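Inspection log for the structure reproduced underneath, given as structure tokens.
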Amino acid sequence: MKRKLVGLAAAAMASTLVLAGCSPAASGGDSGNNSDKTLTMWVIGGDTPPELREYLATEFTEKTGATLKIQEQGWGDIITNLTTKLPDEKNTPDVTEIGNTQSPAFTNAGAFLDISDMYDELGGDKLLPSFVEVGAVEGKNYTLPYYFGSRYTFLRKDVWDAAGQNTSPASLDEFNESVKAITKANPKGIDNFSGFFLGGQDWRDGISWIFANGGEIAEFKDGKWVATLDSPESLKGLEQLQDLYKNASNAPNDMKDANQYQYLNDSDEVKDEDGNVTEDLSLAAATIMAPGWAHWSIGDLVTNDKGEPAREWNDDTFATLVLPGNDGKPAPVFAGGSNIGISAKTQNPELAKDLMRIIYSEEYQTMLGEKGLGPANSDYADSLGSDQFAKALIESASNSKLTPAAPGWAAIESKNIMEEFFSKIRDAKDLKQLAQDTNAQLDALLNQK
């Protein structure tokens with residue numbers, strides 16, 4: 001069976017998109033006298049596709065009479081932009097997406113409007129609990145989940161079969177042994193081949209081994225956050241990771257978690273921000289781990305109906321696998337996704353609340369699911385569909401975890417402390433000392449507001 005996927009060109013989007021809705025006098029709307037008002041919403045990256053942006057802009061104008069301007073921010077710049085613009089009432093976005101791991105820092109700093117009075121109206125206990133938690137301070141809600149994504153593994157089924165390995169390992173231990181065996185067998189004789197392609201700085205995937213062994217990055221103890229990378233459970237996970245880095249992965253030691261799916265394809269290209277090809281790639285991995293949306297970029301290279309290059313999933317060549325744990329459940333994986341909130345400095349709080357109502361409506365939540373983004377409200381999870389990708393997303397998310405809901409976590413991410421830590425795991429002579437040294441760096445920032 002083959003599944004036709006969207007064109008690669010569809011993923012390319014302008015950095016800033018301004019969308020105006022239809023006539024302020026649209027029938028059925030609660031337009032009031034807002035035709036001279038404009039609300040600004042920030043989205044991050046291209047995860048919110050054009051169709052959803054257009055829907056928000058049109059629906060917002062129909063219901064309020066005001067104009068919605070949607071601006072796209074880059075993930076690499078978002079912390080800096082939020083830090084400088086959110087406190088500035090003249091330049092603040094009225095409503096903004098924010099990475100779920102970044103939310104605690106900004107909520108603790110008072111950057112968002114208290115929307116506790118809207119919590120039940122916007123979904124209440126149907127909203128993703130872990131995302132609600134990182135957007136709350138002392139029981140009050142400041143940001144709520146926007147969408148979720150989860151990570152699972154993608155396999156070159158043909159390579160696993162050629163190496164004599166079961167493509168459905170029942171435990172994490174079995175998975176670890178399989179990818180090491182595939183690396184050693186290298187049935188296609190590929191140079192620099194990885195049974196499991198795991199970048200040296202790819203902590204967002206790698207922390208699953210810490211979590212799966214009962215470890216944590218940090219825990220809340222005696223009224224403060226304390227780093228725990230040197231706990232016996234965390235160290236067991238680090239030992240397994242070191243083994244994988246040495247015996248299953250030939251990914252570069254400075255590589256993060258971007259576009260690893262390209263190494264599953266027979267051939268692919270690395271492009272810069274202007275669309276220029278900077279590197280040609282060929283098959284180099286039997287297994288990768290990535291957010292669920294990566295399946296759109298995995299498959300045979302074809303030309304779609306518009307004459308554009310596209311990927312066509314081929315079940316004879318590729319397979320999905322939810323990373324198994326050793327307890328009969330999926331291994332805990334990092335829950336990707338975003339929260340969304342209203343700036344505390346907005347000059348249009350009521351209009352901003354109207355936009356939030358549209359975002360949490362059944363219509364928009366369903367549209368998120370139909371685009372492969374996990375809807376914030378669990379009532380609409382069925383909108384994800386029933387194919388193998390939807391099933392893998394839902395199953396992997398069932399046991400997913402977030403990074404610590406510590407106020408200083410955004411600062412930790414901005415300083416790339418976890419990237420530096422993971423890049424040293426492969427060659428570390430003393431993992432416990434490495435963990436303790438990193439704990440000291442984390443402890444200095446975890447509780448920083």
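Naming scheme: A, B, ... for chains in displayed order of the structure tokens; residues 1 onward per chain; ligands 1 onward as shown.
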Given only C-alpha atoms, how would the per-residue table for region 199-309 of chain A near region 166-180 of chain A read, listing every residue at most 9 Å away with its closest atom pair and distance in Å to one decimal, sorted by chain and number, as JSON lines?
```
{"residue": "A:Trp209", "atom": "CA", "partner": "A:Leu172", "partner_atom": "CA", "distance": 8.6}
{"residue": "A:Ala212", "atom": "CA", "partner": "A:Leu172", "partner_atom": "CA", "distance": 8.2}
{"residue": "A:Gln240", "atom": "CA", "partner": "A:Asn176", "partner_atom": "CA", "distance": 8.1}
{"residue": "A:Asp243", "atom": "CA", "partner": "A:Asn176", "partner_atom": "CA", "distance": 8.8}
{"residue": "A:Leu244", "atom": "CA", "partner": "A:Lys180", "partner_atom": "CA", "distance": 7.1}
{"residue": "A:Asn247", "atom": "CA", "partner": "A:Lys180", "partner_atom": "CA", "distance": 5.7}
{"residue": "A:Ala248", "atom": "CA", "partner": "A:Lys180", "partner_atom": "CA", "distance": 4.6}
{"residue": "A:Ser249", "atom": "CA", "partner": "A:Lys180", "partner_atom": "CA", "distance": 8.3}
{"residue": "A:Ala286", "atom": "CA", "partner": "A:Val179", "partner_atom": "CA", "distance": 7.9}
{"residue": "A:Thr287", "atom": "CA", "partner": "A:Val179", "partner_atom": "CA", "distance": 7.6}
```
Residue set, region 289-438 of chain A restricted to strand (DSSP E), as a compact mmCIF listing (two decimals) with all heavy atoms, in the first residue's frame:
```txt
# COMPACT_ATOMS: atom_id res chain seq x y z
N MET A 289 13.96 8.95 15.30
CA MET A 289 12.88 9.34 16.20
C MET A 289 12.55 10.79 15.92
O MET A 289 13.46 11.61 15.77
CB MET A 289 13.32 9.16 17.66
CG MET A 289 12.22 9.26 18.69
SD MET A 289 12.84 8.76 20.33
CE MET A 289 11.42 9.11 21.34
N ALA A 290 11.27 11.10 15.79
CA ALA A 290 10.88 12.46 15.39
C ALA A 290 9.43 12.71 15.77
O ALA A 290 8.67 11.77 16.01
CB ALA A 290 11.08 12.64 13.88
N PRO A 291 9.03 13.98 15.80
CA PRO A 291 7.60 14.28 15.97
C PRO A 291 6.79 13.65 14.85
O PRO A 291 7.28 13.46 13.73
CB PRO A 291 7.57 15.81 15.90
CG PRO A 291 8.94 16.25 16.26
CD PRO A 291 9.85 15.20 15.72
N ASP A 300 9.00 7.69 -0.83
CA ASP A 300 9.58 7.72 -2.17
C ASP A 300 9.40 9.11 -2.77
O ASP A 300 8.36 9.75 -2.57
CB ASP A 300 8.89 6.68 -3.08
CG ASP A 300 8.98 5.27 -2.51
OD1 ASP A 300 9.97 4.97 -1.81
OD2 ASP A 300 8.06 4.47 -2.77
N LEU A 301 10.38 9.57 -3.51
CA LEU A 301 10.30 10.88 -4.14
C LEU A 301 9.48 10.78 -5.42
O LEU A 301 9.81 10.01 -6.33
CB LEU A 301 11.70 11.40 -4.45
CG LEU A 301 11.78 12.82 -5.02
CD1 LEU A 301 11.22 13.82 -4.02
CD2 LEU A 301 13.22 13.17 -5.36
N VAL A 302 8.40 11.56 -5.49
CA VAL A 302 7.52 11.57 -6.65
C VAL A 302 7.22 13.01 -7.03
O VAL A 302 7.62 13.95 -6.35
CB VAL A 302 6.20 10.82 -6.36
CG1 VAL A 302 6.48 9.35 -6.02
CG2 VAL A 302 5.43 11.49 -5.22
N THR A 303 6.50 13.18 -8.11
CA THR A 303 6.02 14.50 -8.52
C THR A 303 4.51 14.52 -8.35
O THR A 303 3.81 13.63 -8.85
CB THR A 303 6.39 14.79 -9.98
OG1 THR A 303 7.82 14.73 -10.12
CG2 THR A 303 5.90 16.17 -10.39
N PRO A 309 7.83 18.41 -6.23
CA PRO A 309 8.36 17.22 -5.58
C PRO A 309 7.56 16.90 -4.32
O PRO A 309 7.17 17.81 -3.58
CB PRO A 309 9.80 17.59 -5.25
CG PRO A 309 9.81 19.08 -5.20
CD PRO A 309 8.79 19.54 -6.20
N ALA A 310 7.31 15.64 -4.09
CA ALA A 310 6.53 15.23 -2.92
C ALA A 310 7.05 13.88 -2.44
O ALA A 310 7.78 13.18 -3.15
CB ALA A 310 5.04 15.13 -3.27
N ARG A 311 6.69 13.53 -1.22
CA ARG A 311 7.05 12.22 -0.67
C ARG A 311 5.82 11.33 -0.63
O ARG A 311 4.74 11.78 -0.23
CB ARG A 311 7.63 12.37 0.74
CG ARG A 311 9.01 13.03 0.78
CD ARG A 311 10.08 12.14 0.23
NE ARG A 311 11.33 12.86 0.01
CZ ARG A 311 12.42 12.33 -0.53
NH1 ARG A 311 12.39 11.06 -0.92
NH2 ARG A 311 13.50 13.05 -0.72
N GLU A 312 5.99 10.09 -1.04
CA GLU A 312 4.90 9.13 -1.07
C GLU A 312 5.27 7.97 -0.14
O GLU A 312 6.20 7.21 -0.41
CB GLU A 312 4.70 8.62 -2.51
CG GLU A 312 3.47 7.76 -2.70
CD GLU A 312 3.27 7.42 -4.16
OE1 GLU A 312 4.00 6.56 -4.69
OE2 GLU A 312 2.38 8.02 -4.79
N TRP A 313 4.54 7.89 0.98
CA TRP A 313 4.81 6.83 1.96
C TRP A 313 4.58 5.47 1.32
O TRP A 313 3.60 5.24 0.62
CB TRP A 313 3.90 7.00 3.17
CG TRP A 313 4.12 6.00 4.25
CD1 TRP A 313 3.54 4.77 4.37
CD2 TRP A 313 5.02 6.12 5.36
NE1 TRP A 313 4.01 4.11 5.48
CE2 TRP A 313 4.92 4.93 6.12
CE3 TRP A 313 5.87 7.12 5.80
CZ2 TRP A 313 5.65 4.72 7.28
CZ3 TRP A 313 6.61 6.91 6.95
CH2 TRP A 313 6.49 5.72 7.68
N ASN A 314 5.50 4.55 1.59
CA ASN A 314 5.44 3.21 1.01
C ASN A 314 5.56 2.20 2.14
O ASN A 314 6.62 2.08 2.77
CB ASN A 314 6.59 3.05 0.01
CG ASN A 314 6.56 1.73 -0.72
OD1 ASN A 314 5.90 0.78 -0.28
ND2 ASN A 314 7.27 1.66 -1.84
N PHE A 318 8.82 1.52 4.55
CA PHE A 318 8.83 2.27 5.81
C PHE A 318 7.80 1.73 6.80
O PHE A 318 6.80 1.12 6.41
CB PHE A 318 8.54 3.75 5.53
CG PHE A 318 9.46 4.38 4.53
CD1 PHE A 318 9.09 4.47 3.19
CD2 PHE A 318 10.70 4.87 4.91
CE1 PHE A 318 9.94 5.04 2.25
CE2 PHE A 318 11.55 5.45 3.98
CZ PHE A 318 11.17 5.53 2.65
N ALA A 319 8.06 1.98 8.08
CA ALA A 319 7.11 1.58 9.13
C ALA A 319 7.22 2.56 10.29
O ALA A 319 8.22 3.26 10.45
CB ALA A 319 7.42 0.16 9.61
N THR A 320 6.17 2.61 11.10
CA THR A 320 6.18 3.41 12.31
C THR A 320 6.25 2.48 13.53
O THR A 320 5.81 1.34 13.47
CB THR A 320 4.91 4.27 12.43
OG1 THR A 320 3.75 3.42 12.41
CG2 THR A 320 4.81 5.26 11.28
N LEU A 321 6.81 2.99 14.59
CA LEU A 321 6.91 2.22 15.83
C LEU A 321 6.87 3.18 17.02
O LEU A 321 7.70 4.10 17.10
CB LEU A 321 8.22 1.42 15.88
CG LEU A 321 8.56 0.75 17.22
CD1 LEU A 321 7.60 -0.40 17.50
CD2 LEU A 321 10.01 0.27 17.24
N GLY A 336 5.90 17.35 22.44
CA GLY A 336 6.06 18.60 21.74
C GLY A 336 4.74 19.35 21.68
O GLY A 336 3.69 18.83 22.01
N GLY A 337 4.82 20.58 21.23
CA GLY A 337 3.60 21.36 21.10
C GLY A 337 3.72 22.72 21.76
O GLY A 337 4.79 23.10 22.24
N SER A 338 2.63 23.41 21.78
CA SER A 338 2.64 24.80 22.24
C SER A 338 1.46 25.12 23.13
O SER A 338 0.42 24.45 23.08
CB SER A 338 2.60 25.75 21.04
OG SER A 338 3.78 25.68 20.27
N ASN A 339 1.64 26.18 23.91
CA ASN A 339 0.55 26.82 24.64
C ASN A 339 0.19 28.11 23.93
O ASN A 339 0.86 28.52 22.99
CB ASN A 339 0.96 27.09 26.08
CG ASN A 339 0.80 25.88 26.97
OD1 ASN A 339 0.81 24.75 26.51
ND2 ASN A 339 0.67 26.10 28.27
N ILE A 340 -0.85 28.76 24.40
CA ILE A 340 -1.25 30.04 23.84
C ILE A 340 -1.85 30.89 24.94
O ILE A 340 -2.49 30.36 25.87
CB ILE A 340 -2.24 29.85 22.66
CG1 ILE A 340 -2.34 31.12 21.83
CG2 ILE A 340 -3.60 29.35 23.13
CD1 ILE A 340 -2.93 30.89 20.45
N GLY A 341 -1.59 32.19 24.88
CA GLY A 341 -2.11 33.06 25.93
C GLY A 341 -2.27 34.48 25.44
O GLY A 341 -1.86 34.84 24.33
N ILE A 342 -2.87 35.30 26.29
CA ILE A 342 -3.12 36.71 26.00
C ILE A 342 -2.09 37.56 26.74
O ILE A 342 -1.87 37.38 27.94
CB ILE A 342 -4.54 37.11 26.46
CG1 ILE A 342 -5.60 36.28 25.72
CG2 ILE A 342 -4.78 38.60 26.24
CD1 ILE A 342 -7.01 36.48 26.25
N GLY A 374 -2.18 17.55 17.30
CA GLY A 374 -3.04 17.06 18.36
C GLY A 374 -3.87 18.18 18.95
O GLY A 374 -3.31 19.16 19.46
N PRO A 375 -5.20 18.09 18.90
CA PRO A 375 -6.03 19.17 19.43
C PRO A 375 -5.91 19.28 20.95
O PRO A 375 -5.72 18.27 21.64
CB PRO A 375 -7.45 18.78 19.01
CG PRO A 375 -7.40 17.30 18.79
CD PRO A 375 -6.01 17.00 18.32
```
**Proximity to Ala435 (chain A) - best of A:Gly237, A:Gly76, A:Gly200, A:Gly292, only C-alpha atoms** =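 Distance minimum relative to Ala435 (chain A) lands on A:Gly237.
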Within 12 Å of region 412-418 of chain A: each region 164-222 of chain A residue with its shortest pair, only C-alpha atoms, as a Markdown table:
```
| residue | atom | partner | partner_atom | distance |
| --- | --- | --- | --- | --- |
| A:Gly200 | CA | A:Met418 | CA | 10.7 |
| A:Gln201 | CA | A:Met418 | CA | 7.6 |
| A:Asp202 | CA | A:Met418 | CA | 8.8 |
| A:Trp203 | CA | A:Met418 | CA | 6.4 |
| A:Arg204 | CA | A:Met418 | CA | 8.9 |
| A:Asp205 | CA | A:Met418 | CA | 11.6 |
| A:Gly206 | CA | A:Met418 | CA | 10.4 |
| A:Ile207 | CA | A:Met418 | CA | 9.8 |
| A:Ile217 | CA | A:Met418 | CA | 9.8 |
```
**Message:** DSSP on the backbone: which residues in region 104-193 of chain A end up as alpha helix (DSSP H)? Give the answer as a VMD selection string.
**Reply:** chain A and resid 104 to 108 129 to 134 157 to 162 172 to 185
**Request:** Could you tell me how far CA of Gln448 (chain A) lies from CA of Ala411 (chain A), in Å and to one decimal?
**Result:**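 Computed distance, CA of Gln448 (chain A) to CA of Ala411 (chain A), equals 8.3 Å.
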Non-local contacts of Val322 (chain A) (7 Å; only C-alpha atoms; under 4 positions in same chain excluded) as a PDB file with all heavy atoms, in the first residue's frame:
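As a result, part-v2.pdb now contains:
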```pdb
ATOM      1  N   TYR A 152       7.616   9.523  17.978  1.00  0.00           N
ATOM      2  CA  TYR A 152       7.712   8.074  17.853  1.00  0.00           C
ATOM      3  C   TYR A 152       8.786   7.761  16.822  1.00  0.00           C
ATOM      4  O   TYR A 152       9.401   8.684  16.260  1.00  0.00           O
ATOM      5  CB  TYR A 152       6.364   7.429  17.515  1.00  0.00           C
ATOM      6  CG  TYR A 152       5.584   8.023  16.367  1.00  0.00           C
ATOM      7  CD1 TYR A 152       5.720   7.527  15.072  1.00  0.00           C
ATOM      8  CD2 TYR A 152       4.659   9.043  16.566  1.00  0.00           C
ATOM      9  CE1 TYR A 152       4.973   8.036  14.019  1.00  0.00           C
ATOM     10  CE2 TYR A 152       3.900   9.559  15.523  1.00  0.00           C
ATOM     11  CZ  TYR A 152       4.072   9.044  14.246  1.00  0.00           C
ATOM     12  OH  TYR A 152       3.328   9.551  13.197  1.00  0.00           O
ATOM     13  N   THR A 153       9.059   6.494  16.590  1.00  0.00           N
ATOM     14  CA  THR A 153      10.150   6.141  15.696  1.00  0.00           C
ATOM     15  C   THR A 153       9.618   5.766  14.320  1.00  0.00           C
ATOM     16  O   THR A 153       8.501   5.279  14.166  1.00  0.00           O
ATOM     17  CB  THR A 153      11.006   4.987  16.250  1.00  0.00           C
ATOM     18  OG1 THR A 153      10.210   3.813  16.358  1.00  0.00           O
ATOM     19  CG2 THR A 153      11.584   5.344  17.604  1.00  0.00           C
ATOM     20  N   PRO A 330       4.029   2.399  26.460  1.00  0.00           N
ATOM     21  CA  PRO A 330       4.979   3.137  25.627  1.00  0.00           C
ATOM     22  C   PRO A 330       6.019   3.822  26.507  1.00  0.00           C
ATOM     23  O   PRO A 330       5.721   4.240  27.631  1.00  0.00           O
ATOM     24  CB  PRO A 330       4.100   4.176  24.922  1.00  0.00           C
ATOM     25  CG  PRO A 330       2.714   3.606  24.955  1.00  0.00           C
ATOM     26  CD  PRO A 330       2.630   2.840  26.240  1.00  0.00           C
ATOM     27  N   ALA A 392      -0.216   6.141  16.113  1.00  0.00           N
ATOM     28  CA  ALA A 392       1.087   6.254  16.773  1.00  0.00           C
ATOM     29  C   ALA A 392       1.172   7.538  17.585  1.00  0.00           C
ATOM     30  O   ALA A 392       1.724   7.550  18.687  1.00  0.00           O
ATOM     31  CB  ALA A 392       2.202   6.208  15.729  1.00  0.00           C
ATOM     32  N   SER A 396       1.688   7.234  21.556  1.00  0.00           N
ATOM     33  CA  SER A 396       2.919   7.771  22.144  1.00  0.00           C
ATOM     34  C   SER A 396       2.612   8.916  23.101  1.00  0.00           C
ATOM     35  O   SER A 396       3.284   9.079  24.129  1.00  0.00           O
ATOM     36  CB  SER A 396       3.880   8.238  21.050  1.00  0.00           C
ATOM     37  OG  SER A 396       3.297   9.226  20.232  1.00  0.00           O
TER      38      SER A 396
END
```
**Request:** Excluding region 126-136 of chain A and residues on its chain fewer than 5 positions from it, collect all residues at most 7 Å away from it, counting only C-alpha atoms, and give them as a PyMOL selection string.
**Result:** chain A and resi 100+103-104+107+141-145+339+376-379+405
**Message:** Please report the interatomic distance between CA of Leu402 (chain A) and CA of Ala335 (chain A) in Å with one decimal.
**Reply:** 5.6 Å
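In this structure, CA of Gly149 (chain A) sits 9.0 Å away from CA of Phe334 (chain A).
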**Request:** Tell me, as a VMD selection string, which residues lie within 9 Å of region 352-366 of chain A, counting only C-alpha atoms; anything in the same chain fewer than 5 positions away does not count.
**Result:** chain A and resid 39 to 41 52 55 to 56 59 to 60 63 to 64 68 94 to 95 115 118 121 to 123 146 to 147 340 to 343 346 371 374 to 377 379 to 384
Kindly export the residues of the current selection with C-alpha atoms, as a compact mmCIF listing (two decimals), in the first residue's frame.
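Result went into out.txt, see below:
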```
# COMPACT_ATOMS: atom_id res chain seq x y z
CA LEU A 39 -5.58 42.35 16.87
CA THR A 40 -2.12 40.83 16.47
CA MET A 41 -1.51 37.12 16.95
CA LEU A 52 -6.08 27.54 9.67
CA TYR A 55 -10.05 30.52 9.07
CA LEU A 56 -9.04 32.41 12.22
CA GLU A 59 -14.02 33.99 11.64
CA PHE A 60 -12.57 36.67 13.89
CA LYS A 63 -17.65 37.67 14.96
CA THR A 64 -16.05 40.92 16.08
CA LEU A 68 -6.77 39.85 12.81
CA ASP A 94 -2.24 40.56 21.77
CA VAL A 95 -2.32 36.77 21.63
CA ILE A 115 -7.67 33.75 32.03
CA MET A 118 -12.28 31.30 30.85
CA GLU A 121 -15.47 27.82 28.82
CA LEU A 122 -12.40 26.91 26.76
CA GLY A 123 -12.42 23.23 27.62
CA TYR A 146 -2.72 25.13 21.74
CA TYR A 147 -1.77 21.82 20.12
CA ILE A 340 -1.25 30.04 23.84
CA GLY A 341 -2.11 33.06 25.93
CA ILE A 342 -3.12 36.71 26.00
CA SER A 343 -0.47 39.34 26.66
CA THR A 346 -2.82 43.92 25.41
CA LYS A 371 -3.92 18.79 9.86
CA GLY A 374 -3.04 17.06 18.36
CA PRO A 375 -6.03 19.17 19.43
CA ALA A 376 -5.87 20.74 22.88
CA ASN A 377 -9.30 19.37 23.80
CA ASP A 379 -13.01 15.50 22.92
CA TYR A 380 -11.71 16.16 19.41
CA ALA A 381 -8.85 13.64 19.29
CA ASP A 382 -10.84 11.60 16.77
CA SER A 383 -10.20 14.36 14.24
CA LEU A 384 -6.64 13.05 13.94
```
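The list of residues with at least one atom within 10 Å of Ile44 (chain A), based on only C-alpha atoms and without residues fewer than 2 positions apart in the same chain, reads A:Ser15, A:Trp42, A:Gly46, A:Asp47, A:Thr48, A:Gln71, A:Glu72, A:Gln73, A:Gly74, A:Trp75, A:Gly76, A:Asp77, A:Ile78, A:Thr96, A:Glu97, A:Ile98, A:Gly99, A:Ser338.
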Using C-alpha atoms, can you export the residues from the last selection as a compact mmCIF listing (two decimals), in the first residue's frame?
```
# COMPACT_ATOMS: atom_id res chain seq x y z
CA SER A 15 8.07 34.61 7.92
CA TRP A 42 1.91 35.46 16.86
CA GLY A 46 4.95 26.78 10.07
CA ASP A 47 2.97 24.38 12.27
CA THR A 48 -0.21 26.45 11.93
CA GLN A 71 2.62 37.15 12.27
CA GLU A 72 4.96 34.16 12.15
CA GLN A 73 7.96 34.08 14.47
CA GLY A 74 10.91 31.72 14.22
CA TRP A 75 11.56 29.14 16.92
CA GLY A 76 15.15 30.32 17.19
CA ASP A 77 14.09 33.90 17.91
CA ILE A 78 10.92 33.44 19.93
CA THR A 96 0.72 34.56 21.16
CA GLU A 97 1.71 30.95 20.77
CA ILE A 98 4.54 29.94 23.10
CA GLY A 99 6.48 26.69 23.32
CA SER A 338 2.64 24.80 22.24
```
